[in-house]
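Notes to accompany the following structure.
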Amino acid sequence: MMNQQPLYFLNTLSRQKEEFVPINPNLVGLYSCGPTVYNYAHIGNMRSYLLSDIVRRTLEQNGYPVRQIINITDVGHLVGDADNGEDKVEQAARASNHTVADIITQYKSAFLSDLSGLNIKTTETIFPHASQHIAEQIELIKKLENKGFVYHLDDGIYFDTKLYDKYPELGHLNLDGQTAGTRIEENAQKRSPADFALWKFSGLQSTRLQEWDSPWGVGFPGWAIECSAMSIKYLGAHFDIHTGGEDHIPVHHTNERAQSECATGETFVNYWLHNAFITVDGKKMAKSEQNFYTITDLVAKGYSPLAYRYFILGAHYRSPLNFTFEALAGAKRAWQKINNMVWAWPSGGQCDEQLLTTFMTAINNDLNTAKALAILHETMNANLEPSTKRATIEKFDEVLGILNEAEVLSASELTPIPEEILSLVQDREIARERADWGRADLIRAEIEAKGYEVEDTPEGPAIKSRN
Ligand SMILES: [Zn+2]
């Protein structure tokens, strides 16, 4: 049955909560900026794909079929993030002595396996590669050139942002204060600092591993043009929803919107949704901070990717979220309890329509997953038949995606370990990570004195009661 409640999204473009009205209710277009496949995605990156998954599941729950695109950036994303520096994928290939194709295959498949672990729906999702849509990108640049939006510089073809007066809208940008050359790596020839490359030339001494012919010279596409070309190809010039991390707002998405609207003359996207960042122990995730975790790292430490999914859904997607292993352990306990209870209840019950309405009201209110999880917990404790509770929670799970019967633990595995012991085990892990073996042994002795045993397994520390 079609859910008749209104659906609202906070639109980054208007900064307002707006009711969702599809362009075509029989097929809603959803574009999510995908990974640059030069390295493993970290858990912060995965928050964007969890957002697009919740958007898709919510649309489907509201009765809208969805066509979803997640692009694979395998060319044109430069180390400088702007229009300078080495191509990230090519740099990774050179550094590891692999071919570009090997790098793309390796990191794309790691990405797909992360999506699958996180229970992110990918049936019928299209994952187009930038390198396989060069012709479409050239066509789009030609359109922009014919309409007078581009200019030629020594190193490439640039978009003139001054000719598109809506340019600052999405990012609420104040471009007046910017002058060319404020950033040392800026191309001083550009007419305005915000102007960006649509096509870059390989140059005479090209060492590029990927390059193509174009009407302007041999080279490669700029980073943003792929998303415009592929979204227009698969979703049309005007589509419903575009998602991504909030870091994309001021440059990447602003540029996508500018070149798409100027090329087609149509509104590009109706609703822009952006997720906030994740910090780790209060700090920005970075390799130099040694706080860069992947889903594989979490699994190695004994956490199901679904526990991480539950952790992410505990906060609104637009709120910054601080990740700690303590918080993840808390999320894991709550998530484990849900799985254990729900699968122990008999199947075949009827969904409680009133609870479902309450749940959908929360989800339809700009994807309030934190509230939706609170309703799930209320349902678990409600005075209802267990089979009704199971059926209702299974219905919620079509949006939440946190249930998995294979994750149910036996009663002995579930015996709660006291906080004090968990905290000692955590301290011991930190000591071990710092190779402080003396301290790690002292903590182990303390844990044993309190009646518990800790065993180091490839999946992380396993804790057992000694009684
Ligand atoms: Zn993009």
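Lettering and numbering for the structure tokens are positional, with chains as A, B, ... in the shown order, residues counted from 1 in each chain, and ligands counted from 1 in the shown order.
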Query - Spatial neighbours of Ser48 (chain A), 9 Å, only C-alpha atoms, chain gap at least 6 places, as a VMD selection string - result: chain A and resid 32 to 34 243 to 245 274 to 276 317
For the residues in the current selection, export C-alpha atoms as a PDB file, in the first residue's frame.
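Written file, again02.pdb:
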```pdb
ATOM      1  CA  SER A  32      25.086   9.936  -5.460  1.00  0.00           C
ATOM      2  CA  CYS A  33      28.675  11.021  -5.964  1.00  0.00           C
ATOM      3  CA  GLY A  34      30.734   7.865  -5.771  1.00  0.00           C
ATOM      4  CA  THR A 243      23.358  13.379  -2.547  1.00  0.00           C
ATOM      5  CA  GLY A 244      26.907  13.614  -1.263  1.00  0.00           C
ATOM      6  CA  GLY A 245      29.163  14.679   1.583  1.00  0.00           C
ATOM      7  CA  HIS A 274      24.334  16.475   2.075  1.00  0.00           C
ATOM      8  CA  ASN A 275      25.633  14.571   5.060  1.00  0.00           C
ATOM      9  CA  ALA A 276      27.902  16.065   7.726  1.00  0.00           C
ATOM     10  CA  TYR A 317      22.687  12.754   8.699  1.00  0.00           C
TER      11      TYR A 317
END
```
Query raised in the report: Any idea what's packed within 8 Å of region 51-61 of chain A, counting only C-alpha atoms, ignoring anything in its chain fewer than 4 positions away? Could you give it as a VMD selection string?
Result: chain A and resid 2 to 3 30 32 47 65 to 66 68 120 to 121 243 to 244 275 317 363 to 364 367 398 to 400
Report task. Throw together the list of residues within 12 Å of ligand 1, counting only C-alpha atoms and all ligand atoms, and drop it here as a PyMOL selection string. Result -> chain A and resi 31-36+48+69-73+76-77+128-130+222-231+242-249+251-257+260
Could those residues be written to a file, using C-alpha atoms, as a PDB file, in the first residue's frame?
```
ATOM      1  CA  TYR A  31      22.424  10.489  -8.105  1.00  0.00           C
ATOM      2  CA  SER A  32      25.086   9.936  -5.460  1.00  0.00           C
ATOM      3  CA  CYS A  33      28.675  11.021  -5.964  1.00  0.00           C
ATOM      4  CA  GLY A  34      30.734   7.865  -5.771  1.00  0.00           C
ATOM      5  CA  PRO A  35      34.290   7.069  -4.742  1.00  0.00           C
ATOM      6  CA  THR A  36      37.545   7.946  -6.432  1.00  0.00           C
ATOM      7  CA  SER A  48      27.439   9.342   2.328  1.00  0.00           C
ATOM      8  CA  ILE A  69      23.399   6.100  -9.956  1.00  0.00           C
ATOM      9  CA  ILE A  70      26.684   5.939  -8.017  1.00  0.00           C
ATOM     10  CA  ASN A  71      29.558   6.992 -10.241  1.00  0.00           C
ATOM     11  CA  ILE A  72      33.028   5.496 -10.123  1.00  0.00           C
ATOM     12  CA  THR A  73      35.662   8.211 -10.497  1.00  0.00           C
ATOM     13  CA  GLY A  76      40.319  13.350 -13.561  1.00  0.00           C
ATOM     14  CA  HIS A  77      40.283  13.637  -9.745  1.00  0.00           C
ATOM     15  CA  PRO A 128      29.127   4.168 -14.368  1.00  0.00           C
ATOM     16  CA  HIS A 129      32.875   4.778 -14.784  1.00  0.00           C
ATOM     17  CA  ALA A 130      34.075   8.257 -15.735  1.00  0.00           C
ATOM     18  CA  GLY A 222      37.936  17.768 -15.292  1.00  0.00           C
ATOM     19  CA  TRP A 223      36.581  16.167 -12.133  1.00  0.00           C
ATOM     20  CA  ALA A 224      33.065  17.626 -12.071  1.00  0.00           C
ATOM     21  CA  ILE A 225      32.117  17.144 -15.740  1.00  0.00           C
ATOM     22  CA  GLU A 226      31.828  13.348 -15.355  1.00  0.00           C
ATOM     23  CA  CYS A 227      29.010  13.686 -12.828  1.00  0.00           C
ATOM     24  CA  SER A 228      27.104  16.091 -15.068  1.00  0.00           C
ATOM     25  CA  ALA A 229      27.565  13.930 -18.163  1.00  0.00           C
ATOM     26  CA  MET A 230      26.649  10.643 -16.469  1.00  0.00           C
ATOM     27  CA  SER A 231      23.702  11.974 -14.462  1.00  0.00           C
ATOM     28  CA  HIS A 242      21.480  14.495  -5.675  1.00  0.00           C
ATOM     29  CA  THR A 243      23.358  13.379  -2.547  1.00  0.00           C
ATOM     30  CA  GLY A 244      26.907  13.614  -1.263  1.00  0.00           C
ATOM     31  CA  GLY A 245      29.163  14.679   1.583  1.00  0.00           C
ATOM     32  CA  GLU A 246      28.923  18.315   2.676  1.00  0.00           C
ATOM     33  CA  ASP A 247      32.499  18.883   1.502  1.00  0.00           C
ATOM     34  CA  HIS A 248      31.156  18.692  -2.069  1.00  0.00           C
ATOM     35  CA  ILE A 249      28.811  21.685  -1.683  1.00  0.00           C
ATOM     36  CA  VAL A 251      33.067  23.289  -5.348  1.00  0.00           C
ATOM     37  CA  HIS A 252      32.198  19.911  -6.823  1.00  0.00           C
ATOM     38  CA  HIS A 253      28.401  20.143  -6.663  1.00  0.00           C
ATOM     39  CA  THR A 254      28.398  23.881  -7.348  1.00  0.00           C
ATOM     40  CA  ASN A 255      30.410  23.174 -10.513  1.00  0.00           C
ATOM     41  CA  GLU A 256      28.228  20.225 -11.529  1.00  0.00           C
ATOM     42  CA  ARG A 257      25.148  22.393 -11.239  1.00  0.00           C
ATOM     43  CA  SER A 260      24.720  21.182 -16.305  1.00  0.00           C
TER      44      SER A 260
END
```
Query raised in the report: What is the CA of Arg434 (chain A) to CA of Glu459 (chain A) distance in Å?
Result: 18.4 Å
Requested in this report: Would you kindly return, as an NGL selection string, each protein, DNA or RNA residue with an atom no farther than 6 Å from any atom of region 336-353 of chain A, considering only C-alpha atoms and excluding same-chain residues fewer than 6 positions away?
Outcome: :A and (386-388 or 390-392 or 403 or 408)
Please dump the current selection as a compact mmCIF listing (two decimals), in the first residue's frame; keep C-alpha atoms.
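To be explicit, this is the file written out as again04.txt:
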```txt
# COMPACT_ATOMS: atom_id res chain seq x y z
CA PRO A 386 5.82 -10.94 19.99
CA SER A 387 4.80 -11.92 16.45
CA THR A 388 3.25 -8.46 15.95
CA ARG A 390 8.54 -8.88 14.91
CA ALA A 391 6.38 -8.11 11.87
CA THR A 392 6.37 -4.40 12.71
CA LEU A 403 18.51 -6.92 10.84
CA VAL A 408 22.21 -13.63 16.25
```
Query raised in the report: Looking only at the backbone, which of the residues in region 298-337 of chain A does DSSP tag as alpha helix (DSSP H), as a VMD selection string?
Result: chain A and resid 298 to 300 305 to 313 325 to 337
Requested in this report: For region 99-104 of chain A, list every protein, DNA or RNA residue within 8 Å, evaluated using only C-alpha atoms, and leave out those in the same chain fewer than 3 positions away; present the list as a ChimeraX atom specification.
Outcome: /A:37-38,74,89-90,92-94,107-108,209
Requested in this report: Quick one: everything within 10 Å of Leu355 (chain A), counting only C-alpha atoms, minus sequence neighbours fewer than 3 positions away in the same chain. Send it as a VMD selection string.
Outcome: chain A and resid 351 to 352 358 to 361 375 to 376 378 to 379 389 392 to 393 396
Report task. Pick out the residues sitting within 10 Å of Glu453 (chain A), and hand them over as a VMD selection string; count only C-alpha atoms, and ignore anything fewer than 6 positions along from it in its own chain. Result -> chain A and resid 421 425 444 to 447 461 to 467
Report task. Tell me which protein, DNA and RNA residues are within 9 Å of Phe196 (chain A), counting only C-alpha atoms, leaving out same-chain ones fewer than 2 positions away, and put them as a PyMOL selection string. Result -> chain A and resi 82-83+157-161+190+193-194+198+222+224+255
Query raised in the report: Which parts of region 132-287 of chain A does DSSP call strand (DSSP E or B) when run on the backbone here, written out as a count of residues only?
Result: 37
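Nearest residue to Ile232 (chain A), choosing from A:Met285, A:Ala263, A:Ile312, A:Ala188 and counting only C-alpha atoms: A:Ala263.
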